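What follows is start-v7.pdb (PDB, C-alpha atoms, pLDDT in the B column).
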ATOM      1  CA  MET A 597     -89.640 -63.895 -33.469  1.00 58.00           C
ATOM      2  CA  ALA A 598     -90.285 -64.035 -37.167  1.00 87.00           C
ATOM      3  CA  ILE A 599     -87.117 -63.268 -39.101  1.00 93.00           C
ATOM      4  CA  LYS A 600     -88.080 -61.673 -42.391  1.00 96.00           C
ATOM      5  CA  THR A 601     -85.274 -59.218 -43.059  1.00 97.00           C
ATOM      6  CA  VAL A 602     -81.527 -58.954 -42.609  1.00 96.00           C
ATOM      7  CA  ALA A 603     -82.214 -56.387 -39.881  1.00 96.00           C
ATOM      8  CA  ASP A 604     -84.404 -58.943 -38.073  1.00 96.00           C
ATOM      9  CA  LEU A 605     -81.635 -61.503 -38.459  1.00 97.00           C
ATOM     10  CA  PHE A 606     -79.083 -59.080 -37.000  1.00 97.00           C
ATOM     11  CA  ILE A 607     -81.264 -58.476 -33.926  1.00 97.00           C
ATOM     12  CA  HIS A 608     -81.784 -62.215 -33.520  1.00 97.00           C
ATOM     13  CA  GLU A 609     -78.068 -63.005 -33.850  1.00 97.00           C
ATOM     14  CA  LEU A 610     -77.113 -60.170 -31.495  1.00 98.00           C
ATOM     15  CA  SER A 611     -79.688 -61.338 -28.930  1.00 98.00           C
ATOM     16  CA  ASP A 612     -78.432 -64.906 -29.231  1.00 98.00           C
ATOM     17  CA  THR A 613     -74.816 -63.807 -28.778  1.00 98.00           C
ATOM     18  CA  TYR A 614     -75.773 -61.695 -25.772  1.00 98.00           C
ATOM     19  CA  SER A 615     -77.362 -64.775 -24.206  1.00 98.00           C
ATOM     20  CA  ALA A 616     -74.257 -66.831 -25.014  1.00 98.00           C
ATOM     21  CA  GLU A 617     -71.993 -64.281 -23.339  1.00 98.00           C
ATOM     22  CA  LYS A 618     -74.207 -64.130 -20.248  1.00 97.00           C
ATOM     23  CA  GLN A 619     -74.092 -67.914 -19.997  1.00 97.00           C
ATOM     24  CA  MET A 620     -70.294 -67.810 -20.273  1.00 97.00           C
ATOM     25  CA  THR A 621     -70.072 -65.352 -17.371  1.00 97.00           C
ATOM     26  CA  ARG A 622     -71.699 -68.040 -15.230  1.00 97.00           C
ATOM     27  CA  SER A 623     -69.694 -70.947 -16.684  1.00 97.00           C
ATOM     28  CA  LEU A 624     -66.140 -69.576 -16.701  1.00 97.00           C
ATOM     29  CA  PRO A 625     -65.729 -69.337 -12.902  1.00 97.00           C
ATOM     30  CA  LYS A 626     -66.683 -73.013 -12.582  1.00 97.00           C
ATOM     31  CA  MET A 627     -64.164 -73.956 -15.277  1.00 97.00           C
ATOM     32  CA  ALA A 628     -61.468 -71.916 -13.522  1.00 97.00           C
ATOM     33  CA  ARG A 629     -62.153 -73.692 -10.227  1.00 97.00           C
ATOM     34  CA  ALA A 630     -62.066 -77.111 -11.908  1.00 97.00           C
ATOM     35  CA  ALA A 631     -58.718 -76.540 -13.636  1.00 95.00           C
ATOM     36  CA  THR A 632     -55.615 -77.982 -11.989  1.00 93.00           C
ATOM     37  CA  SER A 633     -53.182 -75.859 -13.985  1.00 92.00           C
ATOM     38  CA  GLU A 634     -52.826 -72.370 -12.538  1.00 93.00           C
ATOM     39  CA  GLU A 635     -52.161 -71.046 -16.037  1.00 93.00           C
ATOM     40  CA  LEU A 636     -55.383 -72.586 -17.368  1.00 94.00           C
ATOM     41  CA  SER A 637     -57.372 -71.367 -14.384  1.00 95.00           C
ATOM     42  CA  GLN A 638     -56.008 -67.863 -14.960  1.00 96.00           C
ATOM     43  CA  ALA A 639     -56.851 -68.051 -18.670  1.00 95.00           C
ATOM     44  CA  PHE A 640     -60.482 -68.783 -17.769  1.00 97.00           C
ATOM     45  CA  LEU A 641     -60.555 -65.940 -15.222  1.00 97.00           C
ATOM     46  CA  ASP A 642     -58.976 -63.518 -17.708  1.00 96.00           C
ATOM     47  CA  HIS A 643     -61.574 -64.490 -20.284  1.00 95.00           C
ATOM     48  CA  LEU A 644     -64.312 -63.981 -17.706  1.00 97.00           C
ATOM     49  CA  GLU A 645     -63.270 -60.328 -17.440  1.00 97.00           C
ATOM     50  CA  GLU A 646     -63.178 -60.039 -21.230  1.00 96.00           C
ATOM     51  CA  THR A 647     -66.608 -61.651 -21.462  1.00 97.00           C
ATOM     52  CA  ARG A 648     -68.043 -59.118 -19.036  1.00 98.00           C
ATOM     53  CA  GLY A 649     -66.592 -56.428 -21.300  1.00 97.00           C
ATOM     54  CA  GLN A 650     -68.183 -58.092 -24.322  1.00 97.00           C
ATOM     55  CA  VAL A 651     -71.579 -57.965 -22.615  1.00 98.00           C
ATOM     56  CA  GLU A 652     -70.989 -54.263 -21.938  1.00 97.00           C
ATOM     57  CA  ARG A 653     -70.047 -53.718 -25.596  1.00 97.00           C
ATOM     58  CA  ILE A 654     -73.314 -55.282 -26.730  1.00 97.00           C
ATOM     59  CA  ASP A 655     -75.177 -53.031 -24.275  1.00 97.00           C
ATOM     60  CA  GLU A 656     -73.303 -50.039 -25.721  1.00 95.00           C
ATOM     61  CA  LEU A 657     -73.994 -51.151 -29.290  1.00 94.00           C
ATOM     62  CA  VAL A 658     -77.709 -51.486 -28.562  1.00 95.00           C
ATOM     63  CA  ALA A 659     -77.802 -48.001 -27.036  1.00 93.00           C
ATOM     64  CA  VAL A 660     -75.786 -46.357 -29.820  1.00 88.00           C
ATOM     65  CA  ALA A 661     -77.745 -48.014 -32.636  1.00 89.00           C
ATOM     66  CA  GLY A 662     -81.129 -47.588 -30.930  1.00 91.00           C
ATOM     67  CA  LEU A 663     -81.848 -51.314 -31.056  1.00 94.00           C
ATOM     68  CA  LYS A 664     -83.834 -53.556 -28.736  1.00 95.00           C
ATOM     69  CA  LEU A 665     -82.670 -57.070 -27.979  1.00 96.00           C
ATOM     70  CA  LYS A 666     -85.124 -59.971 -27.952  1.00 95.00           C
ATOM     71  CA  ARG A 667     -85.397 -62.397 -25.034  1.00 94.00           C
ATOM     72  CA  VAL A 668     -83.574 -65.340 -26.540  1.00 94.00           C
ATOM     73  CA  LYS A 669     -81.731 -68.203 -24.872  1.00 96.00           C
ATOM     74  CA  CYS A 670     -78.759 -69.409 -26.880  1.00 97.00           C
ATOM     75  CA  ALA A 671     -79.406 -73.140 -27.125  1.00 97.00           C
ATOM     76  CA  ALA A 672     -75.979 -73.801 -28.649  1.00 97.00           C
ATOM     77  CA  MET A 673     -74.113 -72.230 -25.734  1.00 97.00           C
ATOM     78  CA  GLU A 674     -76.454 -73.920 -23.295  1.00 97.00           C
ATOM     79  CA  GLY A 675     -75.398 -77.249 -24.790  1.00 97.00           C
ATOM     80  CA  LEU A 676     -71.708 -76.340 -24.734  1.00 97.00           C
ATOM     81  CA  VAL A 677     -71.943 -75.285 -21.084  1.00 97.00           C
ATOM     82  CA  GLU A 678     -73.780 -78.502 -20.227  1.00 97.00           C
ATOM     83  CA  GLU A 679     -71.066 -80.552 -21.943  1.00 97.00           C
ATOM     84  CA  GLY A 680     -68.421 -78.685 -19.938  1.00 95.00           C
ATOM     85  CA  ASN A 681     -70.304 -79.383 -16.723  1.00 97.00           C
ATOM     86  CA  ASP A 682     -70.532 -83.070 -17.631  1.00 97.00           C
ATOM     87  CA  LEU A 683     -66.744 -83.145 -18.084  1.00 96.00           C
ATOM     88  CA  ILE A 684     -66.190 -81.481 -14.717  1.00 97.00           C
ATOM     89  CA  GLU A 685     -68.506 -83.982 -13.026  1.00 97.00           C
ATOM     90  CA  GLY A 686     -67.220 -87.030 -14.906  1.00 97.00           C
ATOM     91  CA  ILE A 687     -63.431 -86.618 -14.892  1.00 96.00           C
ATOM     92  CA  ALA A 688     -61.267 -86.545 -11.787  1.00 95.00           C
ATOM     93  CA  LYS A 689     -59.495 -83.255 -11.165  1.00 93.00           C
ATOM     94  CA  GLY A 690     -56.072 -83.369 -12.795  1.00 92.00           C
ATOM     95  CA  PRO A 691     -54.308 -83.067 -16.153  1.00 90.00           C
ATOM     96  CA  VAL A 692     -56.874 -85.127 -18.088  1.00 90.00           C
ATOM     97  CA  LEU A 693     -59.656 -82.810 -16.923  1.00 94.00           C
ATOM     98  CA  ASP A 694     -57.479 -79.814 -17.841  1.00 93.00           C
ATOM     99  CA  VAL A 695     -57.171 -81.127 -21.407  1.00 92.00           C
ATOM    100  CA  ALA A 696     -60.932 -81.724 -21.514  1.00 94.00           C
ATOM    101  CA  LEU A 697     -61.560 -78.171 -20.250  1.00 95.00           C
ATOM    102  CA  ILE A 698     -59.286 -76.749 -22.920  1.00 95.00           C
ATOM    103  CA  GLY A 699     -61.319 -78.566 -25.560  1.00 94.00           C
ATOM    104  CA  ALA A 700     -64.599 -77.398 -24.053  1.00 96.00           C
ATOM    105  CA  GLY A 701     -63.315 -73.837 -23.886  1.00 96.00           C
ATOM    106  CA  GLN A 702     -62.176 -73.923 -27.497  1.00 95.00           C
ATOM    107  CA  ARG A 703     -65.542 -75.263 -28.665  1.00 96.00           C
ATOM    108  CA  ALA A 704     -67.247 -72.317 -26.971  1.00 97.00           C
ATOM    109  CA  GLU A 705     -64.706 -69.897 -28.462  1.00 96.00           C
ATOM    110  CA  HIS A 706     -65.247 -71.269 -31.959  1.00 97.00           C
ATOM    111  CA  TYR A 707     -68.988 -70.779 -31.580  1.00 98.00           C
ATOM    112  CA  GLU A 708     -68.462 -67.197 -30.425  1.00 98.00           C
ATOM    113  CA  ILE A 709     -65.970 -66.512 -33.227  1.00 98.00           C
ATOM    114  CA  ALA A 710     -68.581 -67.649 -35.755  1.00 98.00           C
ATOM    115  CA  SER A 711     -71.232 -65.494 -34.066  1.00 98.00           C
ATOM    116  CA  TYR A 712     -69.138 -62.332 -34.006  1.00 98.00           C
ATOM    117  CA  THR A 713     -67.943 -62.894 -37.578  1.00 98.00           C
ATOM    118  CA  THR A 714     -71.567 -63.017 -38.720  1.00 98.00           C
ATOM    119  CA  LEU A 715     -72.473 -59.973 -36.617  1.00 98.00           C
ATOM    120  CA  VAL A 716     -69.612 -57.909 -38.096  1.00 98.00           C
ATOM    121  CA  LEU A 717     -70.744 -58.829 -41.608  1.00 98.00           C
ATOM    122  CA  LEU A 718     -74.387 -58.001 -40.886  1.00 97.00           C
ATOM    123  CA  ALA A 719     -73.595 -54.747 -39.069  1.00 96.00           C
ATOM    124  CA  THR A 720     -71.413 -53.664 -41.988  1.00 97.00           C
ATOM    125  CA  LYS A 721     -74.121 -54.469 -44.547  1.00 97.00           C
ATOM    126  CA  LEU A 722     -76.788 -52.726 -42.473  1.00 96.00           C
ATOM    127  CA  GLY A 723     -74.673 -49.594 -42.032  1.00 95.00           C
ATOM    128  CA  TYR A 724     -74.310 -49.824 -38.242  1.00 94.00           C
ATOM    129  CA  GLU A 725     -70.944 -48.096 -38.423  1.00 90.00           C
ATOM    130  CA  GLY A 726     -70.695 -47.551 -34.664  1.00 91.00           C
ATOM    131  CA  ALA A 727     -71.372 -51.222 -34.008  1.00 94.00           C
ATOM    132  CA  VAL A 728     -68.665 -52.653 -36.246  1.00 96.00           C
ATOM    133  CA  PRO A 729     -65.611 -51.691 -34.124  1.00 96.00           C
ATOM    134  CA  LEU A 730     -67.338 -52.925 -30.968  1.00 96.00           C
ATOM    135  CA  LEU A 731     -68.086 -56.276 -32.562  1.00 97.00           C
ATOM    136  CA  GLN A 732     -64.593 -56.501 -34.061  1.00 98.00           C
ATOM    137  CA  ALA A 733     -63.046 -55.903 -30.626  1.00 97.00           C
ATOM    138  CA  SER A 734     -65.021 -58.810 -29.174  1.00 97.00           C
ATOM    139  CA  LEU A 735     -64.142 -60.988 -32.166  1.00 98.00           C
ATOM    140  CA  ALA A 736     -60.439 -60.252 -31.654  1.00 97.00           C
ATOM    141  CA  GLU A 737     -60.701 -61.202 -27.976  1.00 97.00           C
ATOM    142  CA  GLU A 738     -62.425 -64.480 -28.805  1.00 96.00           C
ATOM    143  CA  LYS A 739     -59.722 -65.352 -31.336  1.00 97.00           C
ATOM    144  CA  ALA A 740     -56.980 -64.490 -28.844  1.00 96.00           C
ATOM    145  CA  THR A 741     -58.572 -66.662 -26.155  1.00 95.00           C
ATOM    146  CA  ASP A 742     -58.904 -69.557 -28.595  1.00 94.00           C
ATOM    147  CA  GLU A 743     -55.221 -69.188 -29.472  1.00 94.00           C
ATOM    148  CA  ARG A 744     -54.222 -69.021 -25.797  1.00 94.00           C
ATOM    149  CA  LEU A 745     -56.198 -72.167 -24.992  1.00 94.00           C
ATOM    150  CA  GLY A 746     -54.692 -73.904 -28.001  1.00 91.00           C
ATOM    151  CA  MET A 747     -51.186 -73.071 -26.833  1.00 91.00           C
ATOM    152  CA  LEU A 748     -51.991 -74.353 -23.344  1.00 89.00           C
ATOM    153  CA  GLY A 749     -53.295 -77.554 -24.898  1.00 82.00           C
ATOM    154  CA  GLN A 750     -50.104 -78.023 -26.893  1.00 77.00           C
ATOM    155  CA  ALA A 751     -47.991 -77.390 -23.828  1.00 73.00           C
ATOM    156  CA  ALA A 752     -47.719 -79.310 -20.591  1.00 57.00           C
ATOM    157  CA  ALA A 753     -51.373 -80.236 -20.118  1.00 55.00           C
ATOM    158  CA  ILE A 754     -51.539 -82.738 -22.978  1.00 59.00           C
ATOM    159  CA  GLU A 755     -48.015 -84.037 -22.366  1.00 62.00           C
ATOM    160  CA  GLU A 756     -48.719 -84.632 -18.697  1.00 62.00           C
ATOM    161  CA  ALA A 757     -52.080 -86.219 -19.434  1.00 55.00           C
ATOM    162  CA  THR A 758     -50.630 -88.584 -22.063  1.00 64.00           C
ATOM    163  CA  ASP A 759     -47.767 -89.664 -19.793  1.00 60.00           C
ATOM    164  CA  ARG A 760     -50.260 -91.608 -17.688  1.00 55.00           C
TER     165      ARG A 760
END

Please express what this file holds, its structure, as structure tokens.
Amino acid sequence: MAIKTVADLFIHELSDTYSAEKQMTRSLPKMARAATSEELSQAFLDHLEETRGQVERIDELVAVAGLKLKRVKCAAMEGLVEEGNDLIEGIAKGPVLDVALIGAGQRAEHYEIASYTTLVLLATKLGYEGAVPLLQASLAEEKATDERLGMLGQAAAIEEATDR
């Protein structure tokens, strides 16, 4: 897709974010199963439900704004998911893997925070007034998940992992 205008860029970024969210819906259950900490596992499962809602919001946004998404695969999220899978395969189940999963989860959240921040800015500039609150809701969820993972990382997981 040739990106020549800000509107083209918005469609590209929205399509890329949609792909990222779809990839996360497949990755989060695996991360939840790999986690030793029940609290961490639950955080991943809670975010899975939020992510499904974020996909639905993008579907709603597309319908309301009369847009059409492009078939794009988010290479950045693909790489982040692959890194997470490598951690799951390469680290024995336990507190060290939990800490690694927290880091992997936060990297994905930071990517999504950047994506939604850009989308809010572009939607505002393009006058997609109905899209802005939908995008802001997803952005708020991503920030909250990042904060939750950060708090889990500061808590028992890192302490237990460093005691070894």

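For the structure shown here, the set of residues caught by the PyMOL selection byres ((chain A and resi 640) around 8) is Leu624, Pro625, Met627, Ala628, Leu636, Ser637, Gln638, Ala639, Leu641, Asp642, His643 and Leu644 of chain A.
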
Which one is closest to A:Asn681: A:Val602, A:Leu693, A:Leu730, A:Ile654? Count all atoms listed in the file.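 Result for the nearest residue to A:Asn681: A:Leu693.
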
Contact residues around A:Gln650 with only C-alpha atoms at 10 Å, ignoring same-chain residues under 2 positions, as a ChimeraX atom specification: /A:613-614,617-618,644-648,652-656,730-731,733-735,737-738

Can you pull out every residue within 9 Å of stretch 696-713 of chain A, counting all atoms listed in the file, but drop anything in the same chain fewer than 6 positions away, and send it as an MDAnalysis selection string? chainID A and resid 609:610 612:613 616:617 620 624 627 630:631 636 640 672:673 676:677 679:680 683:684 687 731:732 734:736 738:739 741:743 745:746 748:749

Of the listed residues A:Glu635, A:Val692, A:Thr621, A:Leu715, that which approaches A:His608 most closely, counting only C-alpha atoms: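 Selected residue with least distance to A:His608: A:Leu715.
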
The PyMOL selection byres ((chain A and resi 607) around 8) resolved against shown file, as number ranges by chain: A: 603-606, 608-611, 663-666

Could you please determine the separation between atom CA of A:Ser615 and atom CA of A:Val668 in Å, to one decimal place?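 That distance, rounded to one decimal, is 6.7 Å.
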
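Atom CA of A:Ser633 is positioned 8.1 Å from atom CA of A:Gly690.
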
Write out N, CA, C and O atoms for stretch 683-701 of chain A, as a compact mmCIF listing (two decimals), keeping the file's coordinate frame.
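Wrote it out as out.txt, contents follow:
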# COMPACT_ATOMS: atom_id res chain seq x y z
N LEU A 683 -68.17 -82.81 -18.19
CA LEU A 683 -66.74 -83.14 -18.08
C LEU A 683 -66.24 -82.93 -16.65
O LEU A 683 -65.53 -83.78 -16.11
N ILE A 684 -66.63 -81.80 -16.08
CA ILE A 684 -66.19 -81.48 -14.72
C ILE A 684 -66.69 -82.54 -13.73
O ILE A 684 -65.96 -82.95 -12.83
N GLU A 685 -67.92 -82.98 -13.93
CA GLU A 685 -68.51 -83.98 -13.03
C GLU A 685 -67.99 -85.40 -13.30
O GLU A 685 -67.96 -86.23 -12.39
N GLY A 686 -67.56 -85.67 -14.53
CA GLY A 686 -67.22 -87.03 -14.91
C GLY A 686 -65.74 -87.38 -14.94
O GLY A 686 -65.39 -88.54 -15.10
N ILE A 687 -64.88 -86.37 -14.82
CA ILE A 687 -63.43 -86.62 -14.89
C ILE A 687 -62.80 -86.12 -13.60
O ILE A 687 -63.07 -84.99 -13.17
N ALA A 688 -61.95 -86.94 -13.02
CA ALA A 688 -61.27 -86.54 -11.79
C ALA A 688 -60.39 -85.32 -12.05
O ALA A 688 -59.80 -85.18 -13.13
N LYS A 689 -60.31 -84.46 -11.05
CA LYS A 689 -59.50 -83.26 -11.16
C LYS A 689 -58.04 -83.66 -11.42
O LYS A 689 -57.50 -84.52 -10.74
N GLY A 690 -57.44 -83.05 -12.43
CA GLY A 690 -56.07 -83.37 -12.80
C GLY A 690 -55.82 -83.02 -14.25
O GLY A 690 -56.64 -82.35 -14.89
N PRO A 691 -54.70 -83.46 -14.80
CA PRO A 691 -54.31 -83.07 -16.15
C PRO A 691 -55.27 -83.53 -17.25
O PRO A 691 -55.44 -82.83 -18.24
N VAL A 692 -55.92 -84.68 -17.07
CA VAL A 692 -56.87 -85.13 -18.09
C VAL A 692 -58.08 -84.18 -18.12
O VAL A 692 -58.54 -83.80 -19.20
N LEU A 693 -58.56 -83.77 -16.96
CA LEU A 693 -59.66 -82.81 -16.92
C LEU A 693 -59.20 -81.48 -17.53
O LEU A 693 -59.97 -80.85 -18.26
N ASP A 694 -57.98 -81.06 -17.25
CA ASP A 694 -57.48 -79.81 -17.84
C ASP A 694 -57.55 -79.86 -19.36
O ASP A 694 -58.01 -78.91 -20.01
N VAL A 695 -57.12 -80.98 -19.95
CA VAL A 695 -57.17 -81.13 -21.41
C VAL A 695 -58.63 -81.08 -21.88
O VAL A 695 -58.94 -80.42 -22.88
N ALA A 696 -59.51 -81.74 -21.15
CA ALA A 696 -60.93 -81.72 -21.51
C ALA A 696 -61.50 -80.31 -21.43
O ALA A 696 -62.28 -79.89 -22.29
N LEU A 697 -61.09 -79.56 -20.40
CA LEU A 697 -61.56 -78.17 -20.25
C LEU A 697 -61.05 -77.28 -21.37
O LEU A 697 -61.76 -76.38 -21.84
N ILE A 698 -59.82 -77.52 -21.79
CA ILE A 698 -59.29 -76.75 -22.92
C ILE A 698 -60.15 -76.99 -24.16
O ILE A 698 -60.53 -76.05 -24.85
N GLY A 699 -60.47 -78.25 -24.41
CA GLY A 699 -61.32 -78.57 -25.56
C GLY A 699 -62.70 -77.93 -25.45
O GLY A 699 -63.22 -77.37 -26.42
N ALA A 700 -63.27 -78.00 -24.27
CA ALA A 700 -64.60 -77.40 -24.05
C ALA A 700 -64.53 -75.89 -24.25
O ALA A 700 -65.42 -75.29 -24.86
N GLY A 701 -63.49 -75.28 -23.73
CA GLY A 701 -63.32 -73.84 -23.89
C GLY A 701 -63.16 -73.45 -25.35
O GLY A 701 -63.75 -72.48 -25.81
